[in-house]
Amino acid sequence: MKELSFLKSKVVLVFVMLIVFATTSNAQQDAQFTQYMYNGLFYNPAFAGKESGYKFSALHRTQWLNYSGTNGPAPITQLLTATGRLEEYNLGYGLTFVNDNIGPVNSQEINLSLGYHKNLRRGTLSLGLSGGVFSSTIKYDELVVVNPDPNIPTTGRETQMNLNIGGGAIYDRGNFYVGLSSRHLNQPTFDFGDGAVDNQLMNHSYLLAGYRIKTFALWTFEPSFLIKSVSFNNFSYDVSVIATHNQRISGGLAFRGEESVSLLLGYGILKDNSLRIGYAFDLVIGGLEAKSPTSHEFMLTYKLQPVSREFQKVIQRTPRFRF
């Protein structure tokens with residue numbers, strides 16, 4: 001959960017909304033998504049190529065709509081993912097890009113993922129690794145500083161980039177799946193303002209699980225949950241239930257611990273359901289004194305099935321022989 005945090009340096013108190021940087025409270029720094037069940041690649045690189053074909057998705061999240069606080073507007077996040085599979089090698093590959101804005105802090109990350117998939121006891125075991133770059137920018141003129149210090153600039157901006165590494169595993173039996181992953185394994189450090197603001201991108205771990213229930217009249221139900229941890233000191237969770245009819249129309253409810261309840265909707269635009277649109281509405285029920293009451297998420301996904309070509313042997317006839 002995104003929270004307000006205090007960055008301490010000597011006798012200076014820098015007040016910023018925390019999403020990219022951690023302080024002594026170790027609050028969550030990763031972006032959060034209500035439609036987490038459709039964006040597994042963000043949390044776990046083992047989702048890369050887990051399914052056949054090619055899949056692309058784009059998501060835009062406006063958190064705490066119309067919020068206006070001391071350190072700027074409400075958080076806004078974009079997520080882009082792409083994944084494919086090399087069937088002959090049981091390998092998958094994926095690309096993830098995140099743009100996250102919160103107050104005076106802006107971050108981008110781009111990661112390449114590689115997944116290996118092996119059949120195991122009537123299920124599939126997937127292992128994944130990811131590597132990329134995490135970039136953070138702090139806008140000094142948007143900071144609110146108490147007792148200004150000459151080591152912290154008052155204008156301009158500063159950007160730093162660091163290596164970012166993650167890993168994960170998934171076991172899928174068809175009717176249920178469970179995955180465990182960890183992001184920012186190397187815990188990159190960012191020190192701004194001549195080292196006056198020193199922050200580390202903490203390790204984030206995720207446990208994602210879901211169960212698929214097929215019922216009558218083409219209805220399916222999928223309850224799922226996501227447990228999030230920052231260095232195993234800070235925990236939060238999301239739970240949801242999604243109902244889908246004929247793989248085209250879906251709707252569900254979700255709950256984020258101590259923060260919000262959500263409504264999720266989805267619809268397959270094309271006849272083969274390859275193009276889908278999703279929407280999530282969050283009603284904030286916790287911490288309203290520091291937030292606005294609603295958040296909104298829009299998502300578009302496109303799945304391209306692999307093209308298979310079957311060649312039929314043609315009978316060749318000549319004056320001498322035929323086959």
# chains A, B, ... in the order shown; residues from 1 in each chain; ligands from 1
>>> residues_around(residues="Asn44 (chain A)", least_positions_apart="4", cutoff="6 Å", atoms="only C-alpha atoms", output="number ranges by chain")
A: 40, 168, 181
>>> residues_around(residues="region 253-263 of chain A", least_positions_apart="5", cutoff="9 Å", atoms="only C-alpha atoms", output="NGL selection string")
:A and (1 or 34 or 236-242 or 279-288 or 293-294)
>>> closest_residue(among="A:Ile277, A:Glu51, A:Asn39, A:Ser229", to="Gln305 (chain A)", atoms="only C-alpha atoms")
A:Glu51
>>> closest_residue(among="A:Gln63, A:Asn175, A:Asn99, A:Ser68", to="Thr81 (chain A)", atoms="only C-alpha atoms")
A:Asn99
>>> residues_around(residues="Gly268 (chain A)", least_positions_apart="5", cutoff="8 Å", atoms="only C-alpha atoms", output="list in words")
Gln247, Arg248, Ile249, Asn273, Ser274, Leu275, Arg276 and Ile277 of chain A
>>> residues_around(residues="Lys139 (chain A)", least_positions_apart="5", cutoff="7 Å", atoms="only C-alpha atoms", output="list in words")
Pro104, Val105, Gly156, Arg157 and Glu158 of chain A
>>> atom_distance(atom1="CA of Ser205 (chain A)", atom2="CA of Glu222 (chain A)")
22.6 Å
>>> residues_around(residues="Ala217 (chain A)", least_positions_apart="4", cutoff="12 Å", atoms="only C-alpha atoms", output="list in words")
Thr244, His245, Asn246 and Gln247 of chain A
>>> residues_around(residues="region 120-122 of chain A", least_positions_apart="6", cutoff="10 Å", atoms="only C-alpha atoms", output="list in words")
Tyr171, Asp172, Arg173 and Gly174 of chain A
>>> atom_distance(atom1="CA of Ile110 (chain A)", atom2="CA of Ser52 (chain A)")
22.9 Å
>>> decode(residues="region 138-167 of chain A", atoms="N, CA, C and O atoms", output="PDB file, in the first residue's frame")
ATOM      1  N   ILE A 138      13.853  12.526  -8.819  1.00  0.00           N
ATOM      2  CA  ILE A 138      13.273  13.343  -7.762  1.00  0.00           C
ATOM      3  C   ILE A 138      13.256  14.795  -8.226  1.00  0.00           C
ATOM      4  O   ILE A 138      14.240  15.298  -8.768  1.00  0.00           O
ATOM      5  N   LYS A 139      12.090  15.436  -8.081  1.00  0.00           N
ATOM      6  CA  LYS A 139      11.904  16.829  -8.514  1.00  0.00           C
ATOM      7  C   LYS A 139      11.987  17.725  -7.278  1.00  0.00           C
ATOM      8  O   LYS A 139      11.056  17.797  -6.485  1.00  0.00           O
ATOM      9  N   TYR A 140      13.119  18.391  -7.138  1.00  0.00           N
ATOM     10  CA  TYR A 140      13.393  19.136  -5.914  1.00  0.00           C
ATOM     11  C   TYR A 140      12.437  20.300  -5.694  1.00  0.00           C
ATOM     12  O   TYR A 140      12.098  20.625  -4.553  1.00  0.00           O
ATOM     13  N   ASP A 141      11.991  20.933  -6.782  1.00  0.00           N
ATOM     14  CA  ASP A 141      11.123  22.092  -6.601  1.00  0.00           C
ATOM     15  C   ASP A 141       9.725  21.703  -6.138  1.00  0.00           C
ATOM     16  O   ASP A 141       8.926  22.569  -5.780  1.00  0.00           O
ATOM     17  N   GLU A 142       9.406  20.396  -6.124  1.00  0.00           N
ATOM     18  CA  GLU A 142       8.107  19.943  -5.639  1.00  0.00           C
ATOM     19  C   GLU A 142       8.174  19.373  -4.225  1.00  0.00           C
ATOM     20  O   GLU A 142       7.164  18.952  -3.674  1.00  0.00           O
ATOM     21  N   LEU A 143       9.382  19.323  -3.649  1.00  0.00           N
ATOM     22  CA  LEU A 143       9.538  18.830  -2.294  1.00  0.00           C
ATOM     23  C   LEU A 143       9.124  19.890  -1.274  1.00  0.00           C
ATOM     24  O   LEU A 143       9.316  21.084  -1.493  1.00  0.00           O
ATOM     25  N   VAL A 144       8.574  19.427  -0.174  1.00  0.00           N
ATOM     26  CA  VAL A 144       8.308  20.308   0.955  1.00  0.00           C
ATOM     27  C   VAL A 144       9.383  20.018   2.000  1.00  0.00           C
ATOM     28  O   VAL A 144       9.447  18.925   2.555  1.00  0.00           O
ATOM     29  N   VAL A 145      10.249  21.002   2.264  1.00  0.00           N
ATOM     30  CA  VAL A 145      11.398  20.806   3.131  1.00  0.00           C
ATOM     31  C   VAL A 145      11.263  21.672   4.373  1.00  0.00           C
ATOM     32  O   VAL A 145      10.987  22.872   4.285  1.00  0.00           O
ATOM     33  N   VAL A 146      11.433  21.059   5.524  1.00  0.00           N
ATOM     34  CA  VAL A 146      11.459  21.783   6.785  1.00  0.00           C
ATOM     35  C   VAL A 146      12.916  21.979   7.182  1.00  0.00           C
ATOM     36  O   VAL A 146      13.702  21.036   7.158  1.00  0.00           O
ATOM     37  N   ASN A 147      13.269  23.195   7.560  1.00  0.00           N
ATOM     38  CA  ASN A 147      14.660  23.514   7.886  1.00  0.00           C
ATOM     39  C   ASN A 147      15.579  23.175   6.710  1.00  0.00           C
ATOM     40  O   ASN A 147      16.323  22.189   6.744  1.00  0.00           O
ATOM     41  N   PRO A 148      15.529  23.947   5.631  1.00  0.00           N
ATOM     42  CA  PRO A 148      16.295  23.644   4.414  1.00  0.00           C
ATOM     43  C   PRO A 148      17.775  23.434   4.706  1.00  0.00           C
ATOM     44  O   PRO A 148      18.372  24.094   5.548  1.00  0.00           O
ATOM     45  N   ASP A 149      18.345  22.480   3.976  1.00  0.00           N
ATOM     46  CA  ASP A 149      19.761  22.136   4.104  1.00  0.00           C
ATOM     47  C   ASP A 149      20.438  22.398   2.768  1.00  0.00           C
ATOM     48  O   ASP A 149      19.892  22.059   1.714  1.00  0.00           O
ATOM     49  N   PRO A 150      21.649  22.995   2.751  1.00  0.00           N
ATOM     50  CA  PRO A 150      22.325  23.297   1.480  1.00  0.00           C
ATOM     51  C   PRO A 150      22.659  22.060   0.661  1.00  0.00           C
ATOM     52  O   PRO A 150      22.914  22.162  -0.541  1.00  0.00           O
ATOM     53  N   ASN A 151      22.666  20.875   1.285  1.00  0.00           N
ATOM     54  CA  ASN A 151      22.958  19.646   0.543  1.00  0.00           C
ATOM     55  C   ASN A 151      21.786  19.186  -0.314  1.00  0.00           C
ATOM     56  O   ASN A 151      21.938  18.330  -1.170  1.00  0.00           O
ATOM     57  N   ILE A 152      20.603  19.740  -0.049  1.00  0.00           N
ATOM     58  CA  ILE A 152      19.423  19.366  -0.822  1.00  0.00           C
ATOM     59  C   ILE A 152      19.038  20.528  -1.719  1.00  0.00           C
ATOM     60  O   ILE A 152      18.678  21.608  -1.244  1.00  0.00           O
ATOM     61  N   PRO A 153      19.122  20.372  -3.051  1.00  0.00           N
ATOM     62  CA  PRO A 153      18.763  21.458  -3.976  1.00  0.00           C
ATOM     63  C   PRO A 153      17.310  21.868  -3.814  1.00  0.00           C
ATOM     64  O   PRO A 153      16.462  21.096  -3.350  1.00  0.00           O
ATOM     65  N   THR A 154      17.016  23.079  -4.186  1.00  0.00           N
ATOM     66  CA  THR A 154      15.643  23.593  -4.105  1.00  0.00           C
ATOM     67  C   THR A 154      14.979  23.670  -5.472  1.00  0.00           C
ATOM     68  O   THR A 154      13.769  23.904  -5.548  1.00  0.00           O
ATOM     69  N   THR A 155      15.749  23.510  -6.537  1.00  0.00           N
ATOM     70  CA  THR A 155      15.196  23.538  -7.890  1.00  0.00           C
ATOM     71  C   THR A 155      15.811  22.420  -8.726  1.00  0.00           C
ATOM     72  O   THR A 155      16.822  21.819  -8.342  1.00  0.00           O
ATOM     73  N   GLY A 156      15.192  22.192  -9.881  1.00  0.00           N
ATOM     74  CA  GLY A 156      15.707  21.180 -10.799  1.00  0.00           C
ATOM     75  C   GLY A 156      15.301  19.783 -10.390  1.00  0.00           C
ATOM     76  O   GLY A 156      14.445  19.570  -9.540  1.00  0.00           O
ATOM     77  N   ARG A 157      15.920  18.793 -11.030  1.00  0.00           N
ATOM     78  CA  ARG A 157      15.631  17.401 -10.764  1.00  0.00           C
ATOM     79  C   ARG A 157      16.884  16.568 -10.927  1.00  0.00           C
ATOM     80  O   ARG A 157      17.846  16.976 -11.573  1.00  0.00           O
ATOM     81  N   GLU A 158      16.877  15.387 -10.350  1.00  0.00           N
ATOM     82  CA  GLU A 158      18.018  14.481 -10.423  1.00  0.00           C
ATOM     83  C   GLU A 158      17.517  13.077 -10.706  1.00  0.00           C
ATOM     84  O   GLU A 158      16.538  12.628 -10.110  1.00  0.00           O
ATOM     85  N   THR A 159      18.205  12.374 -11.620  1.00  0.00           N
ATOM     86  CA  THR A 159      17.819  11.027 -12.009  1.00  0.00           C
ATOM     87  C   THR A 159      18.970  10.064 -11.780  1.00  0.00           C
ATOM     88  O   THR A 159      20.119  10.379 -12.094  1.00  0.00           O
ATOM     89  N   GLN A 160      18.655   8.910 -11.234  1.00  0.00           N
ATOM     90  CA  GLN A 160      19.647   7.856 -11.064  1.00  0.00           C
ATOM     91  C   GLN A 160      19.071   6.540 -11.563  1.00  0.00           C
ATOM     92  O   GLN A 160      17.866   6.307 -11.493  1.00  0.00           O
ATOM     93  N   MET A 161      19.961   5.665 -12.082  1.00  0.00           N
ATOM     94  CA  MET A 161      19.544   4.366 -12.605  1.00  0.00           C
ATOM     95  C   MET A 161      20.380   3.273 -11.953  1.00  0.00           C
ATOM     96  O   MET A 161      21.560   3.470 -11.668  1.00  0.00           O
ATOM     97  N   ASN A 162      19.743   2.118 -11.763  1.00  0.00           N
ATOM     98  CA  ASN A 162      20.425   0.974 -11.165  1.00  0.00           C
ATOM     99  C   ASN A 162      19.917  -0.318 -11.770  1.00  0.00           C
ATOM    100  O   ASN A 162      18.807  -0.384 -12.295  1.00  0.00           O
ATOM    101  N   LEU A 163      20.741  -1.354 -11.652  1.00  0.00           N
ATOM    102  CA  LEU A 163      20.360  -2.687 -12.100  1.00  0.00           C
ATOM    103  C   LEU A 163      19.251  -3.233 -11.203  1.00  0.00           C
ATOM    104  O   LEU A 163      19.223  -2.977  -9.998  1.00  0.00           O
ATOM    105  N   ASN A 164      18.330  -3.997 -11.807  1.00  0.00           N
ATOM    106  CA  ASN A 164      17.188  -4.544 -11.088  1.00  0.00           C
ATOM    107  C   ASN A 164      17.042  -6.027 -11.441  1.00  0.00           C
ATOM    108  O   ASN A 164      16.967  -6.378 -12.620  1.00  0.00           O
ATOM    109  N   ILE A 165      17.003  -6.910 -10.440  1.00  0.00           N
ATOM    110  CA  ILE A 165      16.989  -8.354 -10.663  1.00  0.00           C
ATOM    111  C   ILE A 165      15.830  -8.987  -9.892  1.00  0.00           C
ATOM    112  O   ILE A 165      15.522  -8.580  -8.761  1.00  0.00           O
ATOM    113  N   GLY A 166      15.185  -9.984 -10.497  1.00  0.00           N
ATOM    114  CA  GLY A 166      14.094 -10.686  -9.833  1.00  0.00           C
ATOM    115  C   GLY A 166      14.041 -12.144 -10.240  1.00  0.00           C
ATOM    116  O   GLY A 166      14.710 -12.571 -11.187  1.00  0.00           O
ATOM    117  N   GLY A 167      13.235 -12.932  -9.539  1.00  0.00           N
ATOM    118  CA  GLY A 167      13.093 -14.349  -9.852  1.00  0.00           C
ATOM    119  C   GLY A 167      11.789 -14.889  -9.283  1.00  0.00           C
ATOM    120  O   GLY A 167      11.173 -14.270  -8.409  1.00  0.00           O
TER     121      GLY A 167
END
